[in-house]
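**Student:** Just so it is clear, I am handing over data.cif, which has mmCIF, C-alpha atoms.
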data_query
#
loop_
_atom_site.label_atom_id
_atom_site.label_comp_id
_atom_site.auth_asym_id
_atom_site.auth_seq_id
_atom_site.Cartn_x
_atom_site.Cartn_y
_atom_site.Cartn_z
CA MET A 231 -129.57 42.32 122.40
CA ASN A 232 -126.09 41.17 123.45
CA GLN A 233 -126.24 40.31 127.16
CA THR A 234 -125.37 36.68 127.89
CA ILE A 235 -127.46 34.79 130.46
CA HIS A 236 -126.15 31.75 132.31
CA TRP A 237 -128.10 28.99 134.07
CA THR A 238 -127.69 25.39 135.16
CA GLU A 239 -129.78 22.63 133.62
CA GLN A 240 -129.38 18.93 134.41
CA SER A 241 -125.99 19.68 136.01
CA GLN A 242 -124.79 21.42 132.85
CA ASN A 243 -123.80 25.07 132.55
CA MET A 244 -125.95 26.70 129.86
CA HIS A 245 -125.89 30.14 128.29
CA ALA A 246 -127.80 32.18 125.72
CA ILE A 247 -128.26 35.78 124.56
CA TRP A 248 -130.99 37.77 126.30
CA GLY A 249 -133.57 38.77 123.69
CA GLY A 250 -136.06 40.56 125.93
CA ASP A 251 -137.14 44.18 125.82
CA SER A 252 -134.18 46.46 126.47
CA ARG A 253 -136.14 48.42 129.07
CA HIS A 254 -136.44 45.36 131.30
CA PRO A 255 -133.39 43.76 132.93
CA ALA A 256 -132.37 40.22 132.10
CA PRO A 257 -133.35 37.69 134.80
CA ASP A 258 -130.85 36.84 137.53
CA HIS A 259 -132.38 33.50 138.49
CA ILE A 260 -133.74 30.88 136.08
CA GLN A 261 -135.59 27.68 136.89
CA VAL A 262 -136.28 25.13 134.16
CA ILE A 263 -139.81 23.70 134.06
CA SER A 264 -141.79 21.49 131.71
CA GLN A 265 -145.12 21.58 133.52
CA SER A 266 -146.83 23.90 135.97
CA ASN A 267 -150.12 25.55 136.74
CA ALA A 268 -150.65 29.31 136.88
CA GLU A 269 -150.65 29.50 140.67
CA GLN A 270 -147.35 27.64 141.01
CA ALA A 271 -145.74 29.63 138.22
CA LEU A 272 -146.85 32.97 139.64
CA HIS A 273 -145.52 32.05 143.07
CA LEU A 274 -142.04 31.62 141.61
CA MET A 275 -142.25 34.58 139.22
CA ARG A 276 -143.21 36.92 142.05
CA GLN A 277 -140.00 35.86 143.78
CA ASN A 278 -138.15 37.19 140.72
CA ILE A 279 -137.42 33.67 139.44
CA ALA A 280 -137.69 33.38 135.67
CA LEU A 281 -139.15 30.14 134.36
CA LEU A 282 -137.62 28.56 131.27
CA TRP A 283 -140.39 26.56 129.63
CA ARG A 284 -139.31 23.17 128.21
CA GLY A 285 -142.78 21.70 127.75
CA ASP A 286 -145.06 21.64 124.72
CA TYR A 287 -145.26 25.01 122.93
CA HIS A 288 -149.06 25.19 122.94
CA GLN A 289 -149.22 24.18 126.59
CA GLY A 290 -146.77 27.01 127.29
CA LYS A 291 -149.13 29.44 125.56
CA GLN A 292 -151.99 28.10 127.67
CA LEU A 293 -149.95 28.55 130.84
CA LEU A 294 -149.12 32.15 129.91
CA ALA A 295 -152.79 32.87 129.15
CA ALA A 296 -153.80 31.40 132.52
CA ILE A 297 -151.15 33.52 134.28
CA LYS A 298 -152.38 36.69 132.58
CA LYS A 299 -156.01 35.87 133.32
CA ARG A 300 -155.18 35.31 136.99
CA VAL A 301 -153.20 38.55 137.24
CA HIS A 302 -155.76 40.66 135.38
CA SER A 303 -158.69 39.25 137.34
CA LYS A 304 -157.12 40.54 140.56
CA ALA A 305 -155.94 43.84 139.11
CA ARG A 306 -157.65 47.05 140.11
CA THR A 307 -159.38 49.21 137.49
CA HIS A 308 -157.64 52.55 137.83
CA THR A 309 -159.06 55.87 136.70
CA ASP A 310 -155.77 57.56 137.58
CA PHE A 311 -153.38 57.44 134.60
CA HIS A 312 -150.19 57.16 136.64
CA LYS A 313 -151.52 54.28 138.72
CA HIS A 314 -152.73 52.62 135.53
CA ARG A 315 -149.29 52.97 133.95
CA LEU A 316 -147.55 51.69 137.08
CA GLN A 317 -149.78 48.63 137.10
CA GLN A 318 -149.10 48.06 133.38
CA ALA A 319 -145.34 48.23 133.99
CA GLN A 320 -145.58 45.80 136.91
CA HIS A 321 -147.56 43.33 134.82
CA SER A 322 -145.12 43.67 131.94
CA ARG A 323 -142.15 42.88 134.20
CA LEU A 324 -144.00 39.89 135.63
CA PHE A 325 -144.93 38.46 132.22
CA GLN A 326 -141.28 38.73 131.18
CA GLN A 327 -140.54 35.89 133.61
CA LEU A 328 -141.82 33.01 131.46
CA LEU A 329 -139.11 32.26 128.91
CA VAL A 330 -138.47 30.08 125.89
CA GLU A 331 -135.18 29.15 124.24
CA ILE A 332 -134.82 29.88 120.54
CA GLN A 333 -131.97 28.17 118.77
CA PRO A 334 -130.34 29.68 115.63
CA GLN A 335 -132.60 30.33 112.65
CA GLY A 336 -135.75 30.59 114.75
CA GLN A 337 -136.10 27.05 116.04
CA LEU A 338 -137.76 26.73 119.44
CA ARG A 339 -136.79 23.94 121.81
CA ASN A 340 -140.39 22.96 122.48
CA GLY A 341 -142.66 20.31 121.09
CA ARG A 342 -145.09 21.39 118.32
CA ALA A 343 -143.39 24.79 118.07
CA PRO A 344 -143.38 26.80 114.84
CA ASN A 345 -140.25 28.22 113.29
CA VAL A 346 -140.14 31.91 114.21
CA ALA A 347 -137.26 33.06 112.00
CA ALA A 348 -139.50 35.31 109.89
CA ALA A 349 -141.03 37.01 112.94
CA LEU A 350 -137.58 37.58 114.47
CA SER A 351 -136.33 38.99 111.17
CA ASP A 352 -139.12 41.56 111.28
CA VAL A 353 -137.95 42.71 114.71
CA PHE A 354 -134.17 42.35 114.56
CA GLY A 355 -133.52 42.61 110.83
CA SER A 356 -132.38 39.01 110.36
CA PRO A 357 -133.00 35.55 111.86
CA ASN A 358 -131.13 34.91 115.09
CA GLN A 359 -127.63 33.53 114.56
CA HIS A 360 -127.18 32.63 118.22
CA THR A 361 -129.32 30.93 120.85
CA LEU A 362 -131.76 33.36 122.49
CA LEU A 363 -133.78 33.40 125.67
CA LEU A 364 -136.95 35.36 125.06
CA PRO A 365 -140.08 36.01 127.13
CA LEU A 366 -142.89 33.97 125.62
CA HIS A 367 -145.37 36.85 125.74
CA LEU A 368 -142.91 39.02 123.82
CA LEU A 369 -142.39 36.29 121.23
CA LEU A 370 -146.16 35.95 120.77
CA GLY A 371 -146.28 39.72 120.23
CA TYR A 372 -143.59 39.42 117.56
CA ILE A 373 -145.49 36.61 115.82
CA GLY A 374 -148.76 38.54 115.89
CA ALA A 375 -147.07 41.69 114.60
CA HIS A 376 -145.46 39.71 111.81
CA GLU A 377 -148.86 38.43 110.70
CA TRP A 378 -150.28 41.97 110.77
CA HIS A 379 -147.23 43.17 108.83
CA LYS A 380 -147.90 40.65 106.09
CA ALA A 381 -151.64 41.37 105.96
CA GLY A 382 -151.30 45.16 106.04
CA VAL A 383 -153.78 47.82 107.17
CA THR A 384 -156.36 48.98 104.64
CA ILE A 385 -156.37 52.79 104.39
CA PRO A 386 -159.62 54.27 103.00
CA ALA A 387 -157.86 57.64 102.59
CA LEU A 388 -155.51 55.90 100.15
CA ASN A 389 -158.39 54.52 98.08
CA GLY A 390 -158.28 51.25 99.99
CA GLN A 391 -154.59 50.57 99.45
CA LYS A 392 -152.65 48.97 102.29
CA ILE A 393 -149.88 50.13 104.59
CA HIS A 394 -147.68 47.35 105.98
CA VAL A 395 -146.26 47.95 109.44
CA PRO A 396 -143.73 45.78 111.30
CA TYR A 397 -143.29 45.44 115.05
CA GLY A 398 -142.08 48.64 116.68
CA VAL A 399 -143.61 51.10 114.18
CA PHE A 400 -146.85 52.94 114.94
CA SER A 401 -149.69 51.41 112.93
CA PRO A 402 -152.29 53.74 111.34
CA VAL A 403 -155.24 51.78 112.67
CA ARG A 404 -156.97 54.99 113.79
CA GLY A 405 -158.25 56.12 110.43
CA GLU A 406 -160.17 59.19 111.58
CA TYR A 407 -157.16 61.50 111.60
CA LEU A 408 -156.09 60.22 108.17
CA GLU A 409 -159.43 61.35 106.76
CA LEU A 410 -158.85 64.82 108.23
CA VAL A 411 -155.55 65.07 106.35
CA ALA A 412 -157.10 63.75 103.15
CA GLN A 413 -159.89 66.36 103.19
CA ALA A 414 -158.33 69.53 104.64
CA LYS A 415 -157.71 72.49 102.33
CA LEU A 416 -154.06 72.66 101.25
CA PRO A 417 -152.10 75.92 101.31
CA SER A 418 -151.84 77.56 97.89
CA PRO A 419 -149.52 76.99 96.23
CA CYS A 420 -148.32 73.72 97.75
CA HIS A 421 -145.31 72.33 95.92
CA THR A 422 -143.36 71.03 98.92
CA ALA A 423 -144.39 69.18 102.09
CA TRP A 424 -142.60 67.60 105.03
CA ASP A 425 -143.96 64.73 107.12
CA ILE A 426 -142.12 64.93 110.45
CA GLY A 427 -141.92 61.64 112.37
CA THR A 428 -143.32 59.75 109.40
CA GLY A 429 -143.47 56.28 111.02
CA SER A 430 -145.14 54.06 108.43
CA GLY A 431 -145.11 56.83 105.80
CA VAL A 432 -148.90 56.91 105.59
CA LEU A 433 -149.30 60.71 105.91
CA ALA A 434 -146.66 61.33 103.26
CA ALA A 435 -148.49 58.89 100.98
CA ILE A 436 -151.81 60.70 101.49
CA LEU A 437 -150.18 64.04 100.68
CA ALA A 438 -148.62 62.54 97.55
CA GLN A 439 -152.00 61.21 96.50
CA ARG A 440 -153.34 64.74 96.86
CA GLY A 441 -150.87 65.87 94.23
CA ILE A 442 -148.04 67.50 96.18
CA PRO A 443 -145.01 66.86 93.94
CA HIS A 444 -142.11 67.14 96.42
CA ILE A 445 -142.43 65.53 99.85
CA THR A 446 -139.76 64.77 102.44
CA ALA A 447 -140.64 62.30 105.20
CA THR A 448 -138.33 62.17 108.23
CA ASP A 449 -137.91 59.93 111.25
CA ASN A 450 -135.17 59.25 113.80
CA SER A 451 -136.00 55.52 114.03
CA THR A 452 -134.15 53.19 111.67
CA ARG A 453 -137.05 50.75 111.93
CA ALA A 454 -139.54 53.43 110.90
CA ILE A 455 -137.32 54.57 108.02
CA ALA A 456 -137.14 51.03 106.63
CA CYS A 457 -140.93 50.66 107.03
CA ALA A 458 -141.70 53.98 105.32
CA GLN A 459 -139.32 53.24 102.44
CA ALA A 460 -140.94 49.86 101.85
CA ASN A 461 -144.45 51.34 101.88
CA ILE A 462 -143.60 54.26 99.62
CA GLN A 463 -141.95 51.91 97.12
CA ARG A 464 -144.90 49.49 97.27
CA LEU A 465 -147.31 52.36 96.58
CA GLY A 466 -145.24 53.60 93.64
CA LEU A 467 -144.58 57.03 95.18
CA THR A 468 -140.78 57.14 95.20
CA GLU A 469 -140.72 59.96 92.62
CA GLN A 470 -142.71 62.23 94.93
CA ILE A 471 -141.49 61.17 98.38
CA HIS A 472 -137.95 61.26 99.74
CA ILE A 473 -137.32 59.46 103.05
CA GLN A 474 -134.69 61.03 105.32
CA HIS A 475 -133.27 59.58 108.55
CA THR A 476 -133.01 62.61 110.79
CA SER A 477 -134.42 64.09 113.97
CA LEU A 478 -137.35 66.35 113.12
CA PHE A 479 -136.64 68.82 110.30
CA PRO A 480 -134.60 68.54 107.11
CA SER A 481 -132.83 71.64 105.84
CA GLY A 482 -134.68 74.33 103.92
CA SER A 483 -138.35 75.25 103.97
CA ALA A 484 -141.69 73.80 102.89
CA ASP A 485 -145.18 74.94 101.97
CA LEU A 486 -146.69 72.39 104.33
CA ILE A 487 -145.20 70.77 107.44
CA ILE A 488 -147.29 68.00 109.00
CA CYS A 489 -146.69 66.13 112.25
CA ASN A 490 -148.58 63.52 114.24
CA PRO A 491 -146.50 63.43 117.47
CA PRO A 492 -147.04 61.06 120.39
CA TRP A 493 -150.09 62.31 122.26
CA LEU A 494 -149.32 61.38 125.86
CA PRO A 495 -146.58 62.98 128.02
CA ALA A 496 -145.38 59.84 129.76
CA LYS A 497 -142.26 57.70 129.85
CA PRO A 498 -142.37 54.61 127.59
CA SER A 499 -142.15 51.34 129.50
CA SER A 500 -141.16 49.30 126.44
CA ASP A 501 -139.47 49.93 123.10
CA ILE A 502 -142.72 49.77 121.15
CA GLU A 503 -144.28 52.53 123.29
CA THR A 504 -141.92 55.24 122.05
CA ALA A 505 -144.42 56.07 119.29
CA LEU A 506 -147.17 56.60 121.88
CA TYR A 507 -145.48 58.47 124.74
CA ASP A 508 -143.51 61.72 124.64
CA PRO A 509 -142.11 62.53 128.12
CA GLY A 510 -142.98 66.11 129.01
CA HIS A 511 -144.30 66.74 125.47
CA GLN A 512 -140.66 67.35 124.56
CA MET A 513 -140.96 66.33 120.91
CA LEU A 514 -144.20 68.28 120.46
CA GLN A 515 -142.80 71.49 121.96
CA THR A 516 -139.54 71.23 120.02
CA PHE A 517 -141.51 70.74 116.81
CA LEU A 518 -143.70 73.78 117.47
CA THR A 519 -140.75 75.95 118.52
CA HIS A 520 -138.84 75.43 115.28
CA ALA A 521 -141.59 74.82 112.70
CA LYS A 522 -142.10 78.53 111.89
CA ASN A 523 -138.44 78.85 110.83
CA HIS A 524 -138.97 76.25 108.10
CA LEU A 525 -142.16 77.61 106.53
CA THR A 526 -142.36 79.38 103.19
CA PRO A 527 -144.10 82.80 103.46
CA HIS A 528 -147.53 81.31 102.69
CA GLY A 529 -146.82 77.94 104.35
CA GLN A 530 -148.82 76.06 106.96
CA VAL A 531 -148.15 73.70 109.85
CA TRP A 532 -150.60 70.84 110.27
CA LEU A 533 -150.58 69.32 113.74
CA ILE A 534 -152.58 66.18 114.53
CA MET A 535 -153.39 65.92 118.23
CA SER A 536 -155.79 64.19 120.56
CA ASP A 537 -157.06 65.90 123.71
CA ILE A 538 -156.92 62.68 125.75
CA ALA A 539 -153.97 64.06 127.75
CA GLU A 540 -156.26 66.85 128.95
CA HIS A 541 -158.98 64.42 130.01
CA LEU A 542 -156.37 62.40 131.92
CA GLY A 543 -155.10 65.51 133.72
CA LEU A 544 -151.69 65.28 132.03
CA ARG A 545 -151.91 68.59 130.16
CA PRO A 546 -153.80 71.78 131.07
CA ALA A 547 -156.62 72.54 128.66
CA GLU A 548 -155.04 75.82 127.55
CA ALA A 549 -151.44 74.53 127.25
CA LEU A 550 -151.43 73.54 123.58
CA GLU A 551 -152.83 76.89 122.43
CA GLN A 552 -150.25 78.67 124.61
CA TRP A 553 -147.41 76.64 123.08
CA ILE A 554 -148.68 77.41 119.59
CA ASN A 555 -148.86 81.13 120.38
CA THR A 556 -145.41 81.17 122.01
CA ALA A 557 -143.96 79.47 118.91
CA GLY A 558 -145.12 82.41 116.77
CA LEU A 559 -147.93 80.49 115.12
CA LYS A 560 -151.62 81.27 114.77
CA LEU A 561 -154.65 79.08 114.17
CA ILE A 562 -156.19 79.18 110.70
CA HIS A 563 -158.64 76.33 111.06
CA LYS A 564 -159.27 73.42 113.41
CA THR A 565 -161.20 70.30 112.47
CA ASP A 566 -162.36 67.84 115.14
CA ILE A 567 -163.44 64.24 114.90
CA GLN A 568 -164.39 61.57 117.42
CA PRO A 569 -162.20 58.44 117.52
CA GLN A 570 -163.63 55.28 116.03
CA HIS A 571 -161.31 52.71 117.64
CA PRO A 572 -162.95 50.08 119.92
CA LYS A 573 -161.53 51.38 123.21
CA ALA A 574 -163.30 54.70 122.65
CA HIS A 575 -166.62 52.92 123.19
CA GLN A 576 -165.74 50.59 126.05
CA HIS A 577 -167.08 51.62 129.43
CA HIS A 578 -165.58 48.93 131.65
CA GLN A 579 -161.89 49.50 130.89
CA SER A 580 -159.37 51.58 132.83
CA LEU A 581 -159.40 55.23 131.72
CA ALA A 582 -162.73 54.64 129.93
CA SER A 583 -164.08 58.04 130.96
CA ALA A 584 -161.21 59.85 129.26
CA ARG A 585 -161.38 57.69 126.15
CA ASN A 586 -165.12 58.23 125.80
CA ARG A 587 -164.61 62.02 125.75
CA GLU A 588 -161.54 62.08 123.50
CA ILE A 589 -161.49 64.29 120.41
CA THR A 590 -158.85 64.14 117.68
CA SER A 591 -158.08 67.42 115.91
CA LEU A 592 -156.21 68.71 112.89
CA TRP A 593 -154.74 72.10 113.78
CA GLN A 594 -153.94 74.14 110.64
CA LEU A 595 -151.45 76.81 111.65
CA ALA A 596 -149.54 79.65 109.99
CA ALA A 597 -146.84 82.10 111.06
CA LYS A 598 -148.16 85.22 112.77
#
Show this structure as structure tokens.

**Tutor:**
Amino acid sequence: MNQTIHWTEQSQNMHAIWGGDSRHPAPDHIQVISQSNAEQALHLMRQNIALLWRGDYHQGKQLLAAIKKRVHSKARTHTDFHKHRLQQAQHSRLFQQLLVEIQPQGQLRNGRAPNVAAALSDVFGSPNQHTLLLPLHLLLGYIGAHEWHKAGVTIPALNGQKIHVPYGVFSPVRGEYLELVAQAKLPSPCHTAWDIGTGSGVLAAILAQRGIPHITATDNSTRAIACAQANIQRLGLTEQIHIQHTSLFPSGSADLIICNPPWLPAKPSSDIETALYDPGHQMLQTFLTHAKNHLTPHGQVWLIMSDIAEHLGLRPAEALEQWINTAGLKLIHKTDIQPQHPKAHQHHQSLASARNREITSLWQLAAK
């Protein structure tokens, strides 16, 4: 977030820092507006002209909602995953074209606008010290994520305690796989456990609640590390859980190594999607390849995976078992559960057929 954008407004040369998603380029052309309808705005946006909104904040939100409604109403419902993803990326780029200016300390230059310093702090680590240009739809995402962060997600597998997750960290809203981890039989003995790609720290917390005394939770994301540390401290589990900023494995060995990798082998189209998409299953295969070398003689690997990639034609049905076998691991037990999230029961959405058939599994593995 350091690229400077220049534009002309009322014969004055203006500039600000681009605060948009790093995977989308900053706009080359900016037109300042204070009123518009969705049709007029879309006409300009589709010409790659970004619109800097100077009108009332709530009217700007209404304009963005009208733009999205118009775009989505004309969008095709794709059953092909790649076409669906391409359409999502196109929409994301388009919605980046409606901008707002945020002055230092989170003050928007729009009537009736809230101060957004707290939401920006959640994303960037501190309130903005310089003037930003930010897509309005991205800002609304930050604000919504900030509210969710404050409220927290209730985790039944943690006796109803909450996990608090900021923007950019995978939220454990799909509780079915957490219940699998809470109920599965632990290896015996089980004094040490690693949670690889810990994210919010929720799996490490569940293992600690089950009585494992020494747990190391790793992640390569600084945002995830900060989130996990905050949750572990809030839950009073710092004596059992050590958070380590590293890629995949710490040094040594463990009685239990658990991992919930991204389930879909696709390229992320935004920063927040890195927890959902693993191009070519690279992280998954690297984890499986090296996990055996870090197990104690009686240790187990617990892998949490959905089969949605198979239903979408992105992974052959036999591939995961082949990768497990090639990595020198064998299956001890596999527990399946159907997802409970709302999209699993919607029949009119893109990819509904795959989502309706999805199964989430806990694979309990050991060295051959």

**Student:** Quick check on the file I pasted: which residues fall under the PyMOL selection byres ((chain A and resi 350-354) around 8)? Write them as a PyMOL selection string.

**Tutor:** chain A and resi 336+346-349+355-358+372+376+396-398

**Student:** One decimal, Å: what's the distance from atom CA of A:Ala447 over to atom CA of A:His475, could you say?

**Tutor:**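 Between atom CA of A:Ala447 and atom CA of A:His475 the gap works out to 8.5 Å.
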
**Student:** Excluding A:Gly341 and its own-chain neighbours fewer than 4 positions away, which residues fall within 7 Å of it when counting all atoms listed in the file? Please give them as a list in words.

**Tutor:**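 So, after excluding close chain neighbours, the residues are Gly285, Asp286 and Tyr287 of chain A.
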
**Student:** Please evaluate the PyMOL selection byres ((chain A and resi 328-330) around 8) against the structure above and give the resulting residues as a CSV table (one decimal) with C-alpha atoms, in the coordinates of the input.

**Tutor:**
chain,number,residue,atom,x,y,z
A,275,MET,CA,-142.2,34.6,139.2
A,280,ALA,CA,-137.7,33.4,135.7
A,281,LEU,CA,-139.2,30.1,134.4
A,282,LEU,CA,-137.6,28.6,131.3
A,283,TRP,CA,-140.4,26.6,129.6
A,284,ARG,CA,-139.3,23.2,128.2
A,294,LEU,CA,-149.1,32.2,129.9
A,325,PHE,CA,-144.9,38.5,132.2
A,326,GLN,CA,-141.3,38.7,131.2
A,327,GLN,CA,-140.5,35.9,133.6
A,331,GLU,CA,-135.2,29.2,124.2
A,332,ILE,CA,-134.8,29.9,120.5
A,338,LEU,CA,-137.8,26.7,119.4
A,339,ARG,CA,-136.8,23.9,121.8
A,363,LEU,CA,-133.8,33.4,125.7
A,364,LEU,CA,-137.0,35.4,125.1
A,365,PRO,CA,-140.1,36.0,127.1
A,366,LEU,CA,-142.9,34.0,125.6
A,367,HIS,CA,-145.4,36.8,125.7

**Student:** For this file, the PyMOL selection byres ((chain A and resi 529) around 7) selects which residues, as a PyMOL selection string?

**Tutor:** chain A and resi 417+484-486+525-528+530+596

**Student:** What's around stretch 429-440 of chain A at 6 Å? Count all atoms listed in the file, leave out sequence neighbours fewer than 2 positions away in its own chain, and write the answer as a PyMOL selection string.

**Tutor:** chain A and resi 425+427+442+454+457-458

**Student:** Residues near A:Gly405, anyone? I mean within 10 Å using all atoms listed in the file, not counting same-chain ones fewer than 3 positions away, as a list in words.

**Tutor:**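 Listing them by chain and then by number gives Val383, Thr384, Ile385, Pro386, Ala387, Pro402, Leu408, Glu409, Leu410, Pro569, Gln570 and His571 of chain A.
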
**Student:** Within 9 Å of A:Trp248, counting all atoms listed in the file, which residues show up once you throw out same-chain ones fewer than 2 positions away? Write them as an mmCIF file with C-alpha atoms, in the coordinates of the input, please.

**Tutor:**
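The resulting file, result04.cif, is shown below:
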data_model
loop_
_atom_site.group_PDB
_atom_site.id
_atom_site.type_symbol
_atom_site.label_atom_id
_atom_site.label_comp_id
_atom_site.auth_asym_id
_atom_site.auth_seq_id
_atom_site.Cartn_x
_atom_site.Cartn_y
_atom_site.Cartn_z
ATOM 1 C CA MET A 231 -129.570 42.320 122.400
ATOM 2 C CA ASN A 232 -126.090 41.170 123.450
ATOM 3 C CA GLN A 233 -126.240 40.310 127.160
ATOM 4 C CA THR A 234 -125.370 36.680 127.890
ATOM 5 C CA ILE A 235 -127.460 34.790 130.460
ATOM 6 C CA ALA A 246 -127.800 32.180 125.720
ATOM 7 C CA GLY A 250 -136.060 40.560 125.930
ATOM 8 C CA ASP A 251 -137.140 44.180 125.820
ATOM 9 C CA ALA A 256 -132.370 40.220 132.100
ATOM 10 C CA PRO A 257 -133.350 37.690 134.800
ATOM 11 C CA THR A 361 -129.320 30.930 120.850
ATOM 12 C CA LEU A 362 -131.760 33.360 122.490
ATOM 13 C CA LEU A 363 -133.780 33.400 125.670
ATOM 14 C CA LEU A 364 -136.950 35.360 125.060
#

**Student:** For A:Gln337, which residue out of A:Thr590, A:Leu324, A:Ala584, A:Gln359 is the nearest one, using all atoms listed in the file?

**Tutor:**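 Checking each candidate against A:Gln337, we get A:Gln359 as the closest.
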
**Student:** State, in Å with one decimal place, the distance from atom CA of A:Glu548 to atom CA of A:Thr519.

**Tutor:** 16.9 Å

**Student:** Taking into account all atoms listed in the file, which residue in the set A:Ile473, A:Cys489, A:Leu544, A:Ala521 is nearest to A:Thr446?

**Tutor:**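 Closest to A:Thr446, using all atoms listed in the file: A:Ile473.
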
**Student:** Identify which of the residues A:Thr565, A:Asn523, A:Thr504, A:Asn267 lies closest to A:Gln413, counting only C-alpha atoms when measuring atom-to-atom distances.

**Tutor:** A:Thr565

**Student:** Kindly indicate which residue among A:Cys420, A:Leu542, A:Glu406, A:Ala549 lies nearest to A:Ile567, using only C-alpha atoms for the distances.

**Tutor:**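 Of A:Cys420, A:Leu542, A:Glu406, A:Ala549, the one nearest A:Ile567 is A:Glu406, counting only C-alpha atoms.
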
**Student:** Pick the closest to A:Leu506 from A:His421, A:Ala381, A:Pro492, A:Ser266: which is it, counting only C-alpha atoms?

**Tutor:**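 Using only C-alpha atoms, A:Leu506 sits closest to A:Pro492.
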
**Student:** Separation of atom CA of A:Arg315 and atom CA of A:Pro509, in Å?

**Tutor:**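 Straight-line distance from atom CA of A:Arg315 to atom CA of A:Pro509 works out to 13.3 Å.
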